[in-house]
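Okay, structure first, notes after.
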Amino acid sequence: MLLKNCRYLVTQDARRRVLQGHDVRIDGDKIMGIGKGLKSTRGEEKLDCSRKIVMPGLVNTHTHLGMHSLRGKCDDRELLDWLAEIWPLERKLTPRQVKQNTLDGLREAIRFGTTAIYDSYRFPEHRLEAFAQTGVRGLLSSTVKDGETFKESAAFLGSIKNGKGLVNGAIAANAVYSCDEETLRRVIDYSDANMMLRRIHVGETRKDRFDTLQRHGKLAVEYLDSIGFLSQNCLLVHCIWITKGEIRKISQSGTKVSHNPVSNMKLASGGVMPLTEMLAEGAIVGLGTDSVASNNNLDMFEEMKTAALLHRHHKWDAGALSCQQVLDMATVNGAKCLGLEKAGSIEEGNYADIITLSIGENLRPMNDVVSNIVFAAQGMNVEDSIIGGNIVMRNGKLR
Ligand SMILES: [Zn+2]
């Protein structure tokens with residue numbers, strides 16, 4: 001396939017180049033050439049991009065798509081009250097409903113330009129079918145809280161062959177407050193033995209922080225460090241209520257972080273995730289929407305803008321977080337969070353995970369492409385989506 005005459009090609013390569021009038025050649029599931037005037041071979045599919053922005057597909061590092069039917073069911077509660085109200089509704093969801101929810105969530109995600117997703121919920125086999133049907137790149141886990149759920153998770157993960165196809169497995173401990181140490185150690189061992197990402201929710205509320213301190217005599221990230229949970233293969237979600245010392249442990253261990261500003265603000269988690277401090281320490285941070293029960297959509301463009309606004313406002317500093325840093329979180333760094341080293345940028349040899357945006361009224365004039373992507377674009381500007389070389393959406397229509 002050949003993407004011809006890209007009006008703007010936002011590569012997100014090491015130099016963060018934005019090219020004009022270039023073509024992109026896709027062969028199989030990879031990007032095989034970038035240049036001007038590439039000749040198409042006979043029968044090769046061509047996509048005219050002369051009126052479009054071409055950029056890497058967005059990476060959503062935290063979702064629970066299985067909850068999709070609960071959008072708008074509980075909008076005015078803070079986390080613990082919200083959980084108490086949502087949990088009885090979740091318990092009623094059947095495997096069939098969870099599969100349908102995951103399909104609906106994936107369709108929304110594709111529509112808004114996401115090409116890779118970390119998704120955790122129950123009934124992983126059914127969700128896997130939804131991923132296969134839509135062709136989205138994914139990292140799937142089912143939540144581990146105890147010995148029973150660990151066994152269920154391991155049984156599912158044993159059936160997935162990592163490195164083959166678009167979907168890989170990950171092992172997800174629910175949270176420090178809901179898992180005992182034995183369970184967390186089993187998650188660590190499983191992740192190490194299978195070279196698989198391990199994930200956990202950390203520091204979402206202030207109560208969570210004080211409870212952990214009381215129970216373990218350590219702050220949450222210190223505690224995770226003491227049992228060996230932190231690693232390059234580890235993703236921490238939320239990390240709002242953490243200290244500078246904990247940030248240092250995150251960056252020294254190469255642990256990744258998923259930042260979910262919309263969900264955190266909607267559930268009134270208080271505090272602001274210390275993102276600028278994390279970036280200053282060199283931590284790799286990606287963006288996530290969390291579920292539509294707490295967001296309430298899967299629009300990563302909205303997530304980017306919200307992240308930029310939140311941290312600038314919080315720091316009284318309009319330069320606290322640049323547009324480029326925000327775009328990095330939603331692309332290259334999000335991909336690193338999921339262990340996808342060959343995604344998140346448009347470079348030869350990388351996966352062909354690419355979206356195009358129509359340059360509609362809200363994107364004119366194009367004084368600064370990256371600024372327009374972060375501050376002016378919306379999910380509905382996305383026109384085409386290619387994942388692993390397959391067109392999953394064309395002209396706004398899903399296949
Ligand atoms: Zn979550």
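Labels for the structure tokens follow display order: chains A, B, ..., residues from 1 in each chain, ligands from 1.
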
Would you pick out the contacts of range 282-289 of chain A at 10 Å or less, using only C-alpha atoms, so that residues sharing its chain but fewer than 6 positions from it are not included, and give the list as a ChimeraX atom specification? /A:58-64,117-118,232,235-238,247-264,275-276,295-300,302-304,307,325-338

DSSP on the backbone, then: every residue of range 67-260 of chain A marked strand (DSSP E or B), written as JSON, numbers by chain. {"A": [114, 115, 116, 117, 118, 119, 120, 137, 138, 139, 140, 141, 143, 144, 167, 168, 169, 171, 172, 173, 174, 175, 198, 199, 200, 201, 202, 234, 235, 236, 237, 238, 256, 257, 258, 259]}

Would you export the selected residues with C-alpha atoms as a PDB file, in the first residue's frame, please?
ATOM      1  CA  THR A 114      -6.439   4.687  18.589  1.00  0.00           C
ATOM      2  CA  THR A 115      -4.511   1.773  17.096  1.00  0.00           C
ATOM      3  CA  ALA A 116      -3.121   0.059  20.226  1.00  0.00           C
ATOM      4  CA  ILE A 117      -4.853  -0.499  23.565  1.00  0.00           C
ATOM      5  CA  TYR A 118      -4.082  -1.998  26.944  1.00  0.00           C
ATOM      6  CA  ASP A 119      -7.350  -3.562  28.114  1.00  0.00           C
ATOM      7  CA  SER A 120      -8.044  -5.310  31.391  1.00  0.00           C
ATOM      8  CA  ARG A 137      -3.392  -4.101  18.365  1.00  0.00           C
ATOM      9  CA  GLY A 138      -3.861  -5.016  22.006  1.00  0.00           C
ATOM     10  CA  LEU A 139      -2.400  -6.051  25.285  1.00  0.00           C
ATOM     11  CA  LEU A 140      -4.990  -8.071  27.211  1.00  0.00           C
ATOM     12  CA  SER A 141      -5.191  -9.059  30.836  1.00  0.00           C
ATOM     13  CA  THR A 143      -7.551  -8.719  36.779  1.00  0.00           C
ATOM     14  CA  VAL A 144      -5.813 -10.708  39.522  1.00  0.00           C
ATOM     15  CA  VAL A 167      -2.715  -9.283  20.594  1.00  0.00           C
ATOM     16  CA  ASN A 168      -0.344 -10.093  23.428  1.00  0.00           C
ATOM     17  CA  GLY A 169      -1.062 -10.971  27.027  1.00  0.00           C
ATOM     18  CA  ILE A 171      -0.654  -9.974  33.871  1.00  0.00           C
ATOM     19  CA  ALA A 172      -2.538  -7.415  35.953  1.00  0.00           C
ATOM     20  CA  ALA A 173      -2.661  -7.205  39.723  1.00  0.00           C
ATOM     21  CA  ASN A 174      -5.659  -5.093  40.716  1.00  0.00           C
ATOM     22  CA  ALA A 175      -4.096  -2.783  43.325  1.00  0.00           C
ATOM     23  CA  ARG A 198       2.884  -6.729  34.764  1.00  0.00           C
ATOM     24  CA  ARG A 199       0.498  -3.946  35.653  1.00  0.00           C
ATOM     25  CA  ILE A 200      -1.074  -2.539  38.823  1.00  0.00           C
ATOM     26  CA  HIS A 201      -3.216   0.446  39.919  1.00  0.00           C
ATOM     27  CA  VAL A 202      -1.254   2.652  42.356  1.00  0.00           C
ATOM     28  CA  CYS A 234       6.073  -3.060  34.810  1.00  0.00           C
ATOM     29  CA  LEU A 235       3.299  -0.517  34.213  1.00  0.00           C
ATOM     30  CA  LEU A 236       1.874   1.525  37.106  1.00  0.00           C
ATOM     31  CA  VAL A 237      -1.540   3.103  36.536  1.00  0.00           C
ATOM     32  CA  HIS A 238      -2.627   6.517  37.950  1.00  0.00           C
ATOM     33  CA  LYS A 256       6.430   2.789  33.088  1.00  0.00           C
ATOM     34  CA  VAL A 257       3.445   4.918  34.116  1.00  0.00           C
ATOM     35  CA  SER A 258      -0.062   5.331  32.660  1.00  0.00           C
ATOM     36  CA  HIS A 259      -1.567   8.799  33.206  1.00  0.00           C
TER      37      HIS A 259
END

With a cut-off of 7 Å, could you pull out the residues of range 302-348 of chain A touching range 353-370 of chain A and give me the nearest pair of atoms for each, distance in Å to one decimal, using only C-alpha atoms, ordered by chain and ascending number, as JSON lines?
{"residue": "A:Cys323", "atom": "CA", "partner": "A:Val370", "partner_atom": "CA", "distance": 6.4}
{"residue": "A:Gln324", "atom": "CA", "partner": "A:Val370", "partner_atom": "CA", "distance": 6.5}
{"residue": "A:Ala343", "atom": "CA", "partner": "A:Asp353", "partner_atom": "CA", "distance": 6.8}

With N, CA and C atoms retained, could you export that selection as an mmCIF file, in the first residue's frame?
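selection.cif written:
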data_model
loop_
_atom_site.group_PDB
_atom_site.id
_atom_site.type_symbol
_atom_site.label_atom_id
_atom_site.label_comp_id
_atom_site.auth_asym_id
_atom_site.auth_seq_id
_atom_site.Cartn_x
_atom_site.Cartn_y
_atom_site.Cartn_z
ATOM 1 N N CYS A 323 3.416 20.793 23.749
ATOM 2 C CA CYS A 323 2.566 19.985 22.864
ATOM 3 C C CYS A 323 3.328 18.737 22.421
ATOM 4 N N GLN A 324 4.606 18.902 22.137
ATOM 5 C CA GLN A 324 5.399 17.757 21.685
ATOM 6 C C GLN A 324 5.475 16.685 22.778
ATOM 7 N N ALA A 343 6.203 0.398 17.543
ATOM 8 C CA ALA A 343 4.985 1.159 17.265
ATOM 9 C C ALA A 343 5.185 2.573 17.807
#

DSSP alpha helix (DSSP H) residues within range 188-389 of chain A, as a ChimeraX atom specification: /A:188-193,206-216,220-226,244-253,261-266,275-280,300-315,323-330,332-337,369-371

How many Å lie between CA of Ala320 in chain A and CA of Met278 in chain A, rounded to one decimal?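 So the two atoms, CA of Ala320 in chain A and CA of Met278 in chain A, lie 12.2 Å apart.
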
Straight-line distance linking CA of Leu310 in chain A with CA of Gly72 in chain A, stated in Å to one decimal: 23.1 Å

Return the single residue from A:Thr205, A:Leu19, A:Leu9, A:Lys4 that is closest to Lys46 in chain A, with distances computed using only C-alpha atoms.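 Comparing A:Thr205, A:Leu19, A:Leu9, A:Lys4 against Lys46 in chain A, the winner is A:Lys4.
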
Between CA of Ala308 in chain A and CA of Val382 in chain A - distance in Å to one decimal: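 It comes out at 20.4 Å.
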
Using only C-alpha atoms, which of A:Ser322, A:Asn350, A:Ser269, A:Asn101 sits nearest Arg209 in chain A? A:Ser269

From the options A:Leu219, A:Met67, A:Leu321, A:Leu213, which residue's atoms come nearest to ligand 1, counting only C-alpha atoms and all ligand atoms?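 Nearest to ligand 1: A:Met67.
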
Restricting to only C-alpha atoms and all ligand atoms, whichever of A:Phe131, A:Phe112, A:Tyr121, A:Trp87 is closest to ligand 1 is A:Tyr121

A:Gly57, A:Gly33, A:Gly165, A:Gly66 ranked by distance to Glu383 in chain A, top pick (using only C-alpha atoms):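 With only C-alpha atoms as the atom set, the closest residue is A:Gly57.
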
Spatial neighbours of Tyr190 in chain A, 10 Å, only C-alpha atoms, chain gap at least 5 places, as a PyMOL selection string: chain A and resi 150+154+170-171+184-185+195-198

Quick one: write out the picked residues with C-alpha atoms as a PDB file, in the first residue's frame?
ATOM      1  CA  PHE A 150      -4.513 -15.669  39.380  1.00  0.00           C
ATOM      2  CA  ALA A 154      -2.680 -17.789  33.981  1.00  0.00           C
ATOM      3  CA  ALA A 170      -0.144  -9.131  30.213  1.00  0.00           C
ATOM      4  CA  ILE A 171      -0.654  -9.974  33.871  1.00  0.00           C
ATOM      5  CA  LEU A 184       1.747  -9.885  44.135  1.00  0.00           C
ATOM      6  CA  ARG A 185       4.775 -12.202  44.279  1.00  0.00           C
ATOM      7  CA  MET A 195       8.724 -12.043  29.904  1.00  0.00           C
ATOM      8  CA  MET A 196       5.285 -10.510  30.094  1.00  0.00           C
ATOM      9  CA  LEU A 197       4.267  -7.007  31.212  1.00  0.00           C
ATOM     10  CA  ARG A 198       2.884  -6.729  34.764  1.00  0.00           C
TER      11      ARG A 198
END

Which polymer residues have any atom within 8 Å of an atom of Cys49 in chain A, counting only C-alpha atoms, with same-chain residues fewer than 5 positions away left out, as a VMD selection string? chain A and resid 3 to 7 54 356

Between A:Gly105, A:Gly163, A:Gly203, A:Gly271, single out the one closest to ligand 1, counting only C-alpha atoms and all ligand atoms.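 Smallest distance to ligand 1 is found for A:Gly203.
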
Which neighbours of Pro124 in chain A fall inside 7 Å, counting only C-alpha atoms, when residues of the same chain fewer than 4 positions from it are skipped, and could you give them as an MDAnalysis selection string? chainID A and resid 128 141:142 156
